[in-house]
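Just below is one structure, and these are the notes that go with it.
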There are 2 protein chains.
Amino acid sequence: MFAVLAEPHRRRILDLLLVGECSVGDLVAALPLAQPTVSKHLKVLRQAGLVAVRSDAQRRLYRLRPEPLRELDEWLEPYRAAWATRLDALEAHLDTMEGP
Amino acid sequence: MFAVLAEPHRRRILDLLLVGECSVGDLVAALPLAQPTVSKHLKVLRQAGLVAVRSDAQRRLYRLRPEPLRELDEWLEPYRAAWATRLDALEAHLDTMEGP
DNA sequence: CGGCAATATTGCCCTATAGCTATATATGGC
DNA sequence: GCCATATATAGCTATAGGGCAATATTGCCG
């Protein structure tokens, strides 16, 4: 999941789909990539369950499926707890006390 | 940030640091990796601001700095909104209506 | 059925990076 | 100062994967 999202163009695609359904052509137009490259990214996103496809004549309309991102949210949970305890500021202070 | 977290061993390191401070040796013992490899990952984590170091004699004690993960949390925000609207179930249903 | 439009697949190159060994750089104890 | 311990850096290899052009596939329309 992290690996899938590590690709900036794929995150951009998700951003675009956040607004609404897009055809492959729409995405190609919005990205600095060749069509086959976009199709490849879409395949990865499909396999990760992050997008779903629908056929409209020759076009394929992709839409967002945010559910798998819950996994990310859950992974974050313990860290959220960690930064909630405002020890960060204290730790930053301690760091400055470690002169070179 | 996503790229940094895409590496499973690095996430494992963060998990270990979530419990508490660790020396490099501790981490090497806990991971199926050679010491230089662990040091390399720690360097990446340091540059991402996800860990901080402290010297204790020859040892370097690493601890977690969860703050940069807020960035991830913020990125998730709009998607969280998307899955909160329980359209997911509906969309899944629509998908099944697209028989091959 | 022939042709066109939209997308997917294939095959290729090329770079980024995770892993290793070998070596360098501290730091403490004798 | 010298050896041992702990970590970092350098240099190398191998592989994963992102990019493209070329081709196959799919579905519409005349």
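By convention here, the chains of the structure tokens are called A, B, ... in the order presented, each chain's residues are numbered starting at 1, and ligands are numbered starting at 1 in the order presented.
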Superimpose chain A on chain B so that the squared distances between all in-order C-alpha pairs are minimised, and send the result as a PDB file with N, CA and C atoms, in the first residue's frame.
```pdb
ATOM      1  N   MET A   1       8.204  11.257   1.671  1.00  0.00           N
ATOM      2  CA  MET A   1       7.701  10.670   2.935  1.00  0.00           C
ATOM      3  C   MET A   1       7.106   9.282   2.672  1.00  0.00           C
ATOM      4  N   PHE A   2       6.221   9.211   1.666  1.00  0.00           N
ATOM      5  CA  PHE A   2       5.669   7.910   1.288  1.00  0.00           C
ATOM      6  C   PHE A   2       6.775   6.951   0.865  1.00  0.00           C
ATOM      7  N   ALA A   3       7.724   7.476   0.125  1.00  0.00           N
ATOM      8  CA  ALA A   3       8.824   6.633  -0.348  1.00  0.00           C
ATOM      9  C   ALA A   3       9.623   6.089   0.833  1.00  0.00           C
ATOM     10  N   VAL A   4       9.820   6.925   1.833  1.00  0.00           N
ATOM     11  CA  VAL A   4      10.575   6.500   3.013  1.00  0.00           C
ATOM     12  C   VAL A   4       9.845   5.359   3.710  1.00  0.00           C
ATOM     13  N   LEU A   5       8.535   5.507   3.814  1.00  0.00           N
ATOM     14  CA  LEU A   5       7.740   4.512   4.539  1.00  0.00           C
ATOM     15  C   LEU A   5       7.423   3.280   3.692  1.00  0.00           C
ATOM     16  N   ALA A   6       7.743   3.355   2.427  1.00  0.00           N
ATOM     17  CA  ALA A   6       7.444   2.222   1.549  1.00  0.00           C
ATOM     18  C   ALA A   6       8.333   1.024   1.868  1.00  0.00           C
ATOM     19  N   GLU A   7       9.429   1.271   2.542  1.00  0.00           N
ATOM     20  CA  GLU A   7      10.372   0.197   2.858  1.00  0.00           C
ATOM     21  C   GLU A   7       9.943  -0.516   4.145  1.00  0.00           C
ATOM     22  N   PRO A   8       9.589  -1.804   4.069  1.00  0.00           N
ATOM     23  CA  PRO A   8       9.091  -2.529   5.228  1.00  0.00           C
ATOM     24  C   PRO A   8      10.056  -2.510   6.420  1.00  0.00           C
ATOM     25  N   HIS A   9      11.327  -2.656   6.164  1.00  0.00           N
ATOM     26  CA  HIS A   9      12.282  -2.665   7.275  1.00  0.00           C
ATOM     27  C   HIS A   9      12.296  -1.325   8.006  1.00  0.00           C
ATOM     28  N   ARG A  10      12.104  -0.260   7.223  1.00  0.00           N
ATOM     29  CA  ARG A  10      12.077   1.054   7.873  1.00  0.00           C
ATOM     30  C   ARG A  10      10.838   1.194   8.740  1.00  0.00           C
ATOM     31  N   ARG A  11       9.725   0.676   8.289  1.00  0.00           N
ATOM     32  CA  ARG A  11       8.511   0.731   9.118  1.00  0.00           C
ATOM     33  C   ARG A  11       8.717  -0.093  10.380  1.00  0.00           C
ATOM     34  N   ARG A  12       9.398  -1.229  10.208  1.00  0.00           N
ATOM     35  CA  ARG A  12       9.695  -2.079  11.371  1.00  0.00           C
ATOM     36  C   ARG A  12      10.541  -1.312  12.381  1.00  0.00           C
ATOM     37  N   ILE A  13      11.503  -0.573  11.902  1.00  0.00           N
ATOM     38  CA  ILE A  13      12.357   0.226  12.785  1.00  0.00           C
ATOM     39  C   ILE A  13      11.503   1.230  13.553  1.00  0.00           C
ATOM     40  N   LEU A  14      10.597   1.882  12.854  1.00  0.00           N
ATOM     41  CA  LEU A  14       9.731   2.847  13.533  1.00  0.00           C
ATOM     42  C   LEU A  14       8.892   2.155  14.593  1.00  0.00           C
ATOM     43  N   ASP A  15       8.409   0.975  14.262  1.00  0.00           N
ATOM     44  CA  ASP A  15       7.625   0.196  15.235  1.00  0.00           C
ATOM     45  C   ASP A  15       8.440  -0.053  16.489  1.00  0.00           C
ATOM     46  N   LEU A  16       9.687  -0.456  16.294  1.00  0.00           N
ATOM     47  CA  LEU A  16      10.549  -0.749  17.434  1.00  0.00           C
ATOM     48  C   LEU A  16      10.797   0.506  18.263  1.00  0.00           C
ATOM     49  N   LEU A  17      10.988   1.619  17.578  1.00  0.00           N
ATOM     50  CA  LEU A  17      11.268   2.868  18.290  1.00  0.00           C
ATOM     51  C   LEU A  17      10.029   3.404  18.990  1.00  0.00           C
ATOM     52  N   LEU A  18       8.880   2.912  18.548  1.00  0.00           N
ATOM     53  CA  LEU A  18       7.640   3.322  19.181  1.00  0.00           C
ATOM     54  C   LEU A  18       7.623   2.884  20.644  1.00  0.00           C
ATOM     55  N   VAL A  19       8.238   1.744  20.873  1.00  0.00           N
ATOM     56  CA  VAL A  19       8.325   1.228  22.238  1.00  0.00           C
ATOM     57  C   VAL A  19       9.314   2.048  23.056  1.00  0.00           C
ATOM     58  N   GLY A  20      10.439   2.361  22.455  1.00  0.00           N
ATOM     59  CA  GLY A  20      11.427   3.152  23.186  1.00  0.00           C
ATOM     60  C   GLY A  20      12.731   3.276  22.424  1.00  0.00           C
ATOM     61  N   GLU A  21      13.582   4.088  22.940  1.00  0.00           N
ATOM     62  CA  GLU A  21      14.908   4.329  22.372  1.00  0.00           C
ATOM     63  C   GLU A  21      15.652   3.019  22.113  1.00  0.00           C
ATOM     64  N   CYS A  22      16.387   2.971  20.987  1.00  0.00           N
ATOM     65  CA  CYS A  22      17.169   1.784  20.661  1.00  0.00           C
ATOM     66  C   CYS A  22      18.539   2.185  20.158  1.00  0.00           C
ATOM     67  N   SER A  23      19.528   1.390  20.505  1.00  0.00           N
ATOM     68  CA  SER A  23      20.835   1.574  19.892  1.00  0.00           C
ATOM     69  C   SER A  23      20.819   0.894  18.532  1.00  0.00           C
ATOM     70  N   VAL A  24      21.800   1.216  17.706  1.00  0.00           N
ATOM     71  CA  VAL A  24      21.904   0.578  16.397  1.00  0.00           C
ATOM     72  C   VAL A  24      22.016  -0.925  16.565  1.00  0.00           C
ATOM     73  N   GLY A  25      22.793  -1.334  17.543  1.00  0.00           N
ATOM     74  CA  GLY A  25      22.972  -2.759  17.791  1.00  0.00           C
ATOM     75  C   GLY A  25      21.670  -3.460  18.111  1.00  0.00           C
ATOM     76  N   ASP A  26      20.841  -2.806  18.902  1.00  0.00           N
ATOM     77  CA  ASP A  26      19.518  -3.362  19.216  1.00  0.00           C
ATOM     78  C   ASP A  26      18.739  -3.608  17.933  1.00  0.00           C
ATOM     79  N   LEU A  27      18.766  -2.631  17.063  1.00  0.00           N
ATOM     80  CA  LEU A  27      17.997  -2.732  15.822  1.00  0.00           C
ATOM     81  C   LEU A  27      18.569  -3.823  14.921  1.00  0.00           C
ATOM     82  N   VAL A  28      19.880  -3.889  14.861  1.00  0.00           N
ATOM     83  CA  VAL A  28      20.514  -4.936  14.055  1.00  0.00           C
ATOM     84  C   VAL A  28      20.078  -6.300  14.566  1.00  0.00           C
ATOM     85  N   ALA A  29      20.020  -6.432  15.888  1.00  0.00           N
ATOM     86  CA  ALA A  29      19.631  -7.709  16.485  1.00  0.00           C
ATOM     87  C   ALA A  29      18.179  -8.057  16.136  1.00  0.00           C
ATOM     88  N   ALA A  30      17.362  -7.041  15.994  1.00  0.00           N
ATOM     89  CA  ALA A  30      15.934  -7.273  15.778  1.00  0.00           C
ATOM     90  C   ALA A  30      15.578  -7.426  14.304  1.00  0.00           C
ATOM     91  N   LEU A  31      16.500  -7.102  13.432  1.00  0.00           N
ATOM     92  CA  LEU A  31      16.206  -7.129  12.002  1.00  0.00           C
ATOM     93  C   LEU A  31      17.098  -8.139  11.284  1.00  0.00           C
ATOM     94  N   PRO A  32      16.601  -8.704  10.201  1.00  0.00           N
ATOM     95  CA  PRO A  32      17.385  -9.685   9.438  1.00  0.00           C
ATOM     96  C   PRO A  32      18.311  -8.977   8.467  1.00  0.00           C
ATOM     97  N   LEU A  33      19.048  -7.997   8.954  1.00  0.00           N
ATOM     98  CA  LEU A  33      19.877  -7.168   8.073  1.00  0.00           C
ATOM     99  C   LEU A  33      21.257  -6.974   8.674  1.00  0.00           C
ATOM    100  N   ALA A  34      22.214  -6.730   7.810  1.00  0.00           N
ATOM    101  CA  ALA A  34      23.567  -6.430   8.275  1.00  0.00           C
ATOM    102  C   ALA A  34      23.602  -5.026   8.859  1.00  0.00           C
ATOM    103  N   GLN A  35      24.583  -4.771   9.706  1.00  0.00           N
ATOM    104  CA  GLN A  35      24.661  -3.484  10.381  1.00  0.00           C
ATOM    105  C   GLN A  35      24.734  -2.301   9.416  1.00  0.00           C
ATOM    106  N   PRO A  36      25.551  -2.363   8.370  1.00  0.00           N
ATOM    107  CA  PRO A  36      25.601  -1.202   7.481  1.00  0.00           C
ATOM    108  C   PRO A  36      24.260  -0.905   6.828  1.00  0.00           C
ATOM    109  N   THR A  37      23.530  -1.936   6.561  1.00  0.00           N
ATOM    110  CA  THR A  37      22.212  -1.749   5.951  1.00  0.00           C
ATOM    111  C   THR A  37      21.280  -1.014   6.907  1.00  0.00           C
ATOM    112  N   VAL A  38      21.336  -1.411   8.171  1.00  0.00           N
ATOM    113  CA  VAL A  38      20.514  -0.742   9.169  1.00  0.00           C
ATOM    114  C   VAL A  38      20.921   0.730   9.295  1.00  0.00           C
ATOM    115  N   SER A  39      22.214   0.968   9.319  1.00  0.00           N
ATOM    116  CA  SER A  39      22.696   2.351   9.406  1.00  0.00           C
ATOM    117  C   SER A  39      22.204   3.173   8.221  1.00  0.00           C
ATOM    118  N   LYS A  40      22.163   2.541   7.059  1.00  0.00           N
ATOM    119  CA  LYS A  40      21.673   3.241   5.861  1.00  0.00           C
ATOM    120  C   LYS A  40      20.210   3.626   6.036  1.00  0.00           C
ATOM    121  N   HIS A  41      19.416   2.689   6.515  1.00  0.00           N
ATOM    122  CA  HIS A  41      17.993   2.980   6.724  1.00  0.00           C
ATOM    123  C   HIS A  41      17.827   4.093   7.763  1.00  0.00           C
ATOM    124  N   LEU A  42      18.656   4.031   8.795  1.00  0.00           N
ATOM    125  CA  LEU A  42      18.564   5.060   9.830  1.00  0.00           C
ATOM    126  C   LEU A  42      18.902   6.432   9.257  1.00  0.00           C
ATOM    127  N   LYS A  43      19.825   6.453   8.340  1.00  0.00           N
ATOM    128  CA  LYS A  43      20.179   7.722   7.706  1.00  0.00           C
ATOM    129  C   LYS A  43      18.985   8.288   6.943  1.00  0.00           C
ATOM    130  N   VAL A  44      18.315   7.414   6.217  1.00  0.00           N
ATOM    131  CA  VAL A  44      17.127   7.842   5.469  1.00  0.00           C
ATOM    132  C   VAL A  44      16.062   8.372   6.430  1.00  0.00           C
ATOM    133  N   LEU A  45      15.853   7.646   7.525  1.00  0.00           N
ATOM    134  CA  LEU A  45      14.840   8.060   8.500  1.00  0.00           C
ATOM    135  C   LEU A  45      15.219   9.385   9.154  1.00  0.00           C
ATOM    136  N   ARG A  46      16.522   9.557   9.393  1.00  0.00           N
ATOM    137  CA  ARG A  46      17.005  10.810   9.970  1.00  0.00           C
ATOM    138  C   ARG A  46      16.713  11.956   9.015  1.00  0.00           C
ATOM    139  N   GLN A  47      17.068  11.763   7.755  1.00  0.00           N
ATOM    140  CA  GLN A  47      16.867  12.823   6.772  1.00  0.00           C
ATOM    141  C   GLN A  47      15.394  13.154   6.583  1.00  0.00           C
ATOM    142  N   ALA A  48      14.554  12.184   6.847  1.00  0.00           N
ATOM    143  CA  ALA A  48      13.110  12.431   6.756  1.00  0.00           C
ATOM    144  C   ALA A  48      12.579  13.049   8.048  1.00  0.00           C
ATOM    145  N   GLY A  49      13.453  13.165   9.050  1.00  0.00           N
ATOM    146  CA  GLY A  49      13.036  13.761  10.324  1.00  0.00           C
ATOM    147  C   GLY A  49      12.234  12.821  11.200  1.00  0.00           C
ATOM    148  N   LEU A  50      12.243  11.538  10.853  1.00  0.00           N
ATOM    149  CA  LEU A  50      11.411  10.585  11.589  1.00  0.00           C
ATOM    150  C   LEU A  50      12.097  10.015  12.817  1.00  0.00           C
ATOM    151  N   VAL A  51      13.410  10.170  12.900  1.00  0.00           N
ATOM    152  CA  VAL A  51      14.128   9.720  14.088  1.00  0.00           C
ATOM    153  C   VAL A  51      15.151  10.775  14.478  1.00  0.00           C
ATOM    154  N   ALA A  52      15.555  10.744  15.752  1.00  0.00           N
ATOM    155  CA  ALA A  52      16.604  11.632  16.251  1.00  0.00           C
ATOM    156  C   ALA A  52      17.639  10.771  16.950  1.00  0.00           C
ATOM    157  N   VAL A  53      18.853  11.228  16.972  1.00  0.00           N
ATOM    158  CA  VAL A  53      19.940  10.460  17.571  1.00  0.00           C
ATOM    159  C   VAL A  53      20.470  11.154  18.809  1.00  0.00           C
ATOM    160  N   ARG A  54      21.047  10.352  19.673  1.00  0.00           N
ATOM    161  CA  ARG A  54      21.652  10.842  20.900  1.00  0.00           C
ATOM    162  C   ARG A  54      22.865   9.960  21.127  1.00  0.00           C
ATOM    163  N   SER A  55      23.943  10.523  21.565  1.00  0.00           N
ATOM    164  CA  SER A  55      25.160   9.737  21.775  1.00  0.00           C
ATOM    165  C   SER A  55      25.254   9.263  23.219  1.00  0.00           C
ATOM    166  N   ASP A  56      25.592   7.989  23.380  1.00  0.00           N
ATOM    167  CA  ASP A  56      25.880   7.445  24.699  1.00  0.00           C
ATOM    168  C   ASP A  56      27.154   6.639  24.529  1.00  0.00           C
ATOM    169  N   ALA A  57      28.284   7.251  24.889  1.00  0.00           N
ATOM    170  CA  ALA A  57      29.594   6.623  24.662  1.00  0.00           C
ATOM    171  C   ALA A  57      29.729   6.291  23.181  1.00  0.00           C
ATOM    172  N   GLN A  58      30.107   5.050  22.854  1.00  0.00           N
ATOM    173  CA  GLN A  58      30.227   4.714  21.427  1.00  0.00           C
ATOM    174  C   GLN A  58      28.872   4.498  20.778  1.00  0.00           C
ATOM    175  N   ARG A  59      27.872   4.244  21.617  1.00  0.00           N
ATOM    176  CA  ARG A  59      26.574   3.914  21.040  1.00  0.00           C
ATOM    177  C   ARG A  59      25.809   5.153  20.597  1.00  0.00           C
ATOM    178  N   ARG A  60      24.947   4.949  19.607  1.00  0.00           N
ATOM    179  CA  ARG A  60      24.038   6.010  19.192  1.00  0.00           C
ATOM    180  C   ARG A  60      22.632   5.526  19.487  1.00  0.00           C
ATOM    181  N   LEU A  61      21.943   6.286  20.285  1.00  0.00           N
ATOM    182  CA  LEU A  61      20.579   5.897  20.649  1.00  0.00           C
ATOM    183  C   LEU A  61      19.583   6.657  19.773  1.00  0.00           C
ATOM    184  N   TYR A  62      18.787   5.911  19.089  1.00  0.00           N
ATOM    185  CA  TYR A  62      17.783   6.499  18.198  1.00  0.00           C
ATOM    186  C   TYR A  62      16.425   6.511  18.873  1.00  0.00           C
ATOM    187  N   ARG A  63      15.706   7.592  18.635  1.00  0.00           N
ATOM    188  CA  ARG A  63      14.329   7.609  19.132  1.00  0.00           C
ATOM    189  C   ARG A  63      13.406   8.178  18.060  1.00  0.00           C
ATOM    190  N   LEU A  64      12.165   7.853  18.214  1.00  0.00           N
ATOM    191  CA  LEU A  64      11.142   8.238  17.242  1.00  0.00           C
ATOM    192  C   LEU A  64      10.840   9.733  17.298  1.00  0.00           C
ATOM    193  N   ARG A  65      10.601  10.304  16.155  1.00  0.00           N
ATOM    194  CA  ARG A  65      10.072  11.671  16.075  1.00  0.00           C
ATOM    195  C   ARG A  65       8.855  11.624  15.144  1.00  0.00           C
ATOM    196  N   PRO A  66       7.699  11.458  15.707  1.00  0.00           N
ATOM    197  CA  PRO A  66       6.496  11.185  14.896  1.00  0.00           C
ATOM    198  C   PRO A  66       5.959  12.407  14.162  1.00  0.00           C
ATOM    199  N   GLU A  67       6.431  13.574  14.506  1.00  0.00           N
ATOM    200  CA  GLU A  67       5.859  14.790  13.918  1.00  0.00           C
ATOM    201  C   GLU A  67       5.674  14.748  12.402  1.00  0.00           C
ATOM    202  N   PRO A  68       6.710  14.353  11.658  1.00  0.00           N
ATOM    203  CA  PRO A  68       6.542  14.408  10.197  1.00  0.00           C
ATOM    204  C   PRO A  68       5.394  13.545   9.690  1.00  0.00           C
ATOM    205  N   LEU A  69       4.938  12.618  10.517  1.00  0.00           N
ATOM    206  CA  LEU A  69       3.845  11.760  10.078  1.00  0.00           C
ATOM    207  C   LEU A  69       2.526  12.519   9.997  1.00  0.00           C
ATOM    208  N   ARG A  70       2.506  13.688  10.601  1.00  0.00           N
ATOM    209  CA  ARG A  70       1.311  14.520  10.475  1.00  0.00           C
ATOM    210  C   ARG A  70       1.019  14.811   9.008  1.00  0.00           C
ATOM    211  N   GLU A  71       2.108  14.948   8.263  1.00  0.00           N
ATOM    212  CA  GLU A  71       1.977  15.189   6.820  1.00  0.00           C
ATOM    213  C   GLU A  71       1.115  14.099   6.178  1.00  0.00           C
ATOM    214  N   LEU A  72       1.409  12.870   6.544  1.00  0.00           N
ATOM    215  CA  LEU A  72       0.639  11.733   6.057  1.00  0.00           C
ATOM    216  C   LEU A  72      -0.827  11.867   6.468  1.00  0.00           C
ATOM    217  N   ASP A  73      -0.992  12.209   7.726  1.00  0.00           N
ATOM    218  CA  ASP A  73      -2.332  12.345   8.268  1.00  0.00           C
ATOM    219  C   ASP A  73      -3.116  13.397   7.489  1.00  0.00           C
ATOM    220  N   GLU A  74      -2.448  14.480   7.167  1.00  0.00           N
ATOM    221  CA  GLU A  74      -3.117  15.548   6.421  1.00  0.00           C
ATOM    222  C   GLU A  74      -3.444  15.108   4.996  1.00  0.00           C
ATOM    223  N   TRP A  75      -2.523  14.359   4.411  1.00  0.00           N
ATOM    224  CA  TRP A  75      -2.775  13.866   3.060  1.00  0.00           C
ATOM    225  C   TRP A  75      -4.024  12.988   3.060  1.00  0.00           C
ATOM    226  N   LEU A  76      -4.166  12.209   4.109  1.00  0.00           N
ATOM    227  CA  LEU A  76      -5.298  11.292   4.201  1.00  0.00           C
ATOM    228  C   LEU A  76      -6.636  12.021   4.333  1.00  0.00           C
ATOM    229  N   GLU A  77      -6.597  13.188   4.890  1.00  0.00           N
ATOM    230  CA  GLU A  77      -7.812  13.888   5.263  1.00  0.00           C
ATOM    231  C   GLU A  77      -8.932  13.845   4.216  1.00  0.00           C
ATOM    232  N   PRO A  78      -8.705  14.321   3.008  1.00  0.00           N
ATOM    233  CA  PRO A  78      -9.799  14.326   2.029  1.00  0.00           C
ATOM    234  C   PRO A  78     -10.320  12.925   1.721  1.00  0.00           C
ATOM    235  N   TYR A  79      -9.448  11.927   1.805  1.00  0.00           N
ATOM    236  CA  TYR A  79      -9.873  10.561   1.522  1.00  0.00           C
ATOM    237  C   TYR A  79     -10.694  10.010   2.675  1.00  0.00           C
ATOM    238  N   ARG A  80     -10.315  10.445   3.871  1.00  0.00           N
ATOM    239  CA  ARG A  80     -11.099  10.052   5.037  1.00  0.00           C
ATOM    240  C   ARG A  80     -12.527  10.549   4.845  1.00  0.00           C
ATOM    241  N   ALA A  81     -12.623  11.760   4.402  1.00  0.00           N
ATOM    242  CA  ALA A  81     -13.945  12.318   4.130  1.00  0.00           C
ATOM    243  C   ALA A  81     -14.676  11.460   3.097  1.00  0.00           C
ATOM    244  N   ALA A  82     -13.932  11.005   2.090  1.00  0.00           N
ATOM    245  CA  ALA A  82     -14.541  10.226   1.011  1.00  0.00           C
ATOM    246  C   ALA A  82     -15.084   8.893   1.513  1.00  0.00           C
ATOM    247  N   TRP A  83     -14.332   8.237   2.368  1.00  0.00           N
ATOM    248  CA  TRP A  83     -14.837   6.936   2.818  1.00  0.00           C
ATOM    249  C   TRP A  83     -15.848   7.084   3.945  1.00  0.00           C
ATOM    250  N   ALA A  84     -15.894   8.259   4.526  1.00  0.00           N
ATOM    251  CA  ALA A  84     -16.876   8.500   5.576  1.00  0.00           C
ATOM    252  C   ALA A  84     -18.280   8.510   4.982  1.00  0.00           C
ATOM    253  N   THR A  85     -18.422   9.137   3.831  1.00  0.00           N
ATOM    254  CA  THR A  85     -19.682   9.033   3.118  1.00  0.00           C
ATOM    255  C   THR A  85     -19.767   7.591   2.678  1.00  0.00           C
ATOM    256  N   ARG A  86     -20.707   6.882   3.226  1.00  0.00           N
ATOM    257  CA  ARG A  86     -20.726   5.431   3.040  1.00  0.00           C
ATOM    258  C   ARG A  86     -21.060   5.013   1.615  1.00  0.00           C
ATOM    259  N   LEU A  87     -20.620   5.778   0.654  1.00  0.00           N
ATOM    260  CA  LEU A  87     -20.880   5.429  -0.739  1.00  0.00           C
ATOM    261  C   LEU A  87     -20.124   4.179  -1.158  1.00  0.00           C
ATOM    262  N   ASP A  88     -19.121   3.827  -0.383  1.00  0.00           N
ATOM    263  CA  ASP A  88     -18.326   2.667  -0.747  1.00  0.00           C
ATOM    264  C   ASP A  88     -19.194   1.445  -1.014  1.00  0.00           C
ATOM    265  N   ALA A  89     -20.092   1.176  -0.093  1.00  0.00           N
ATOM    266  CA  ALA A  89     -20.936  -0.013  -0.228  1.00  0.00           C
ATOM    267  C   ALA A  89     -21.768   0.073  -1.506  1.00  0.00           C
ATOM    268  N   LEU A  90     -22.300   1.261  -1.748  1.00  0.00           N
ATOM    269  CA  LEU A  90     -23.095   1.454  -2.954  1.00  0.00           C
ATOM    270  C   LEU A  90     -22.242   1.228  -4.200  1.00  0.00           C
ATOM    271  N   GLU A  91     -21.059   1.789  -4.175  1.00  0.00           N
ATOM    272  CA  GLU A  91     -20.177   1.639  -5.327  1.00  0.00           C
ATOM    273  C   GLU A  91     -19.806   0.184  -5.547  1.00  0.00           C
ATOM    274  N   ALA A  92     -19.564  -0.524  -4.474  1.00  0.00           N
ATOM    275  CA  ALA A  92     -19.248  -1.944  -4.586  1.00  0.00           C
ATOM    276  C   ALA A  92     -20.418  -2.667  -5.247  1.00  0.00           C
ATOM    277  N   HIS A  93     -21.623  -2.269  -4.862  1.00  0.00           N
ATOM    278  CA  HIS A  93     -22.808  -2.868  -5.444  1.00  0.00           C
ATOM    279  C   HIS A  93     -22.885  -2.572  -6.947  1.00  0.00           C
ATOM    280  N   LEU A  94     -22.657  -1.343  -7.284  1.00  0.00           N
ATOM    281  CA  LEU A  94     -22.691  -0.966  -8.697  1.00  0.00           C
ATOM    282  C   LEU A  94     -21.657  -1.768  -9.481  1.00  0.00           C
ATOM    283  N   ASP A  95     -20.514  -2.008  -8.857  1.00  0.00           N
ATOM    284  CA  ASP A  95     -19.467  -2.777  -9.523  1.00  0.00           C
ATOM    285  C   ASP A  95     -19.972  -4.166  -9.896  1.00  0.00           C
ATOM    286  N   THR A  96     -20.695  -4.784  -8.964  1.00  0.00           N
ATOM    287  CA  THR A  96     -21.156  -6.145  -9.230  1.00  0.00           C
ATOM    288  C   THR A  96     -22.161  -6.163 -10.373  1.00  0.00           C
ATOM    289  N   MET A  97     -22.783  -4.999 -10.616  1.00  0.00           N
ATOM    290  CA  MET A  97     -23.752  -4.929 -11.707  1.00  0.00           C
ATOM    291  C   MET A  97     -23.092  -4.833 -13.079  1.00  0.00           C
ATOM    292  N   GLU A  98     -21.759  -4.653 -13.068  1.00  0.00           N
ATOM    293  CA  GLU A  98     -21.005  -4.585 -14.320  1.00  0.00           C
ATOM    294  C   GLU A  98     -20.487  -5.977 -14.668  1.00  0.00           C
ATOM    295  N   GLY A  99     -21.372  -6.898 -14.944  1.00  0.00           N
ATOM    296  CA  GLY A  99     -20.930  -8.250 -15.285  1.00  0.00           C
ATOM    297  C   GLY A  99     -19.953  -8.225 -16.464  1.00  0.00           C
ATOM    298  N   PRO A 100     -19.057  -9.198 -16.544  1.00  0.00           N
ATOM    299  CA  PRO A 100     -18.028  -9.240 -17.583  1.00  0.00           C
ATOM    300  C   PRO A 100     -18.605  -9.306 -18.995  1.00  0.00           C
TER     301      PRO A 100
END
```
Considering only C-alpha atoms (C1' of nucleotides), tabulate each residue of chain D that lies at most 10 Å from chain A along with its nearest interatomic pair and the corresponding distance in Å to one decimal; arrange the rows by chain and ascending residue number and present them as a tab-separated table.
```
residue	atom	partner	partner_atom	distance
D:DG18	C1'	A:Thr37	CA	8.0
D:DG19	C1'	A:Thr37	CA	7.0
D:DC20	C1'	A:Ala34	CA	7.4
D:DA21	C1'	A:Pro36	CA	9.7
D:DT26	C1'	A:Gln58	CA	7.0
D:DG27	C1'	A:Gln58	CA	5.4
D:DC28	C1'	A:Ala57	CA	7.1
```
Subject >> Distance criterion (only C-alpha atoms (C1' of nucleotides)): nearest to DG11 in chain C out of D:DT7, D:DT23, D:DC12, D:DG1 >> reply: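 Among the listed residues, D:DT23 lies closest to DG11 in chain C.
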**OP:** With a distance threshold of 10 Å and counting only C-alpha atoms (C1' of nucleotides), extract the residues of chain C near chain A and express them as a list in words.
**Re:**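 Using only C-alpha atoms (C1' of nucleotides), chain C residues at most 10 Å from chain A: DA5, DA6, DT7, DA8 and DT9 of chain C.
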Save out the residues we just selected, C-alpha atoms (C1' of nucleotides), as a tab-separated table (two decimals), in the first residue's frame.
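New file result-v5.tsv:
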```tsv
chain	number	residue	atom	x	y	z
C	5	DA	C1'	-11.33	5.66	-31.35
C	6	DA	C1'	-10.06	4.43	-26.69
C	7	DT	C1'	-7.55	1.59	-23.82
C	8	DA	C1'	-4.64	-2.39	-22.51
C	9	DT	C1'	-0.54	-5.23	-23.18
```
**OP:** Identify, with DSSP run on backbone atoms, the residues in range 38-93 of chain B assigned to strand (DSSP E or B), and express the list as a list in words.
**Re:**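 Matching residues, listed in order: Val51, Ala52, Val53, Arg54, Ser55, Asp56, Arg59, Arg60, Leu61, Tyr62, Arg63 and Leu64 of chain B.
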Write the residues you've just listed into a file as a PDB file, in the first residue's frame, and include C-alpha atoms for each of them.
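What ended up in selection28.pdb:
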```pdb
ATOM      1  CA  VAL B  51      14.125   9.738  14.101  1.00  0.00           C
ATOM      2  CA  ALA B  52      16.594  11.623  16.274  1.00  0.00           C
ATOM      3  CA  VAL B  53      19.928  10.439  17.615  1.00  0.00           C
ATOM      4  CA  ARG B  54      21.629  10.783  20.961  1.00  0.00           C
ATOM      5  CA  SER B  55      25.130   9.671  21.848  1.00  0.00           C
ATOM      6  CA  ASP B  56      25.828   7.361  24.749  1.00  0.00           C
ATOM      7  CA  ARG B  59      26.520   3.837  21.084  1.00  0.00           C
ATOM      8  CA  ARG B  60      24.019   5.950  19.234  1.00  0.00           C
ATOM      9  CA  LEU B  61      20.550   5.853  20.681  1.00  0.00           C
ATOM     10  CA  TYR B  62      17.774   6.482  18.212  1.00  0.00           C
ATOM     11  CA  ARG B  63      14.310   7.580  19.142  1.00  0.00           C
ATOM     12  CA  LEU B  64      11.133   8.242  17.246  1.00  0.00           C
TER      13      LEU B  64
END
```
Wanna dump the range 2-29 of chain D-range 16-26 of chain C contacts at 8 Å for me, each residue with its shortest atom pair and the distance in Å to one decimal, counting only C-alpha atoms (C1' of nucleotides), ordered by chain and number, as JSON lines?
```
{"residue": "D:DA8", "atom": "C1'", "partner": "C:DT25", "partner_atom": "C1'", "distance": 7.2}
{"residue": "D:DT9", "atom": "C1'", "partner": "C:DA24", "partner_atom": "C1'", "distance": 7.0}
{"residue": "D:DA10", "atom": "C1'", "partner": "C:DT23", "partner_atom": "C1'", "distance": 7.7}
```
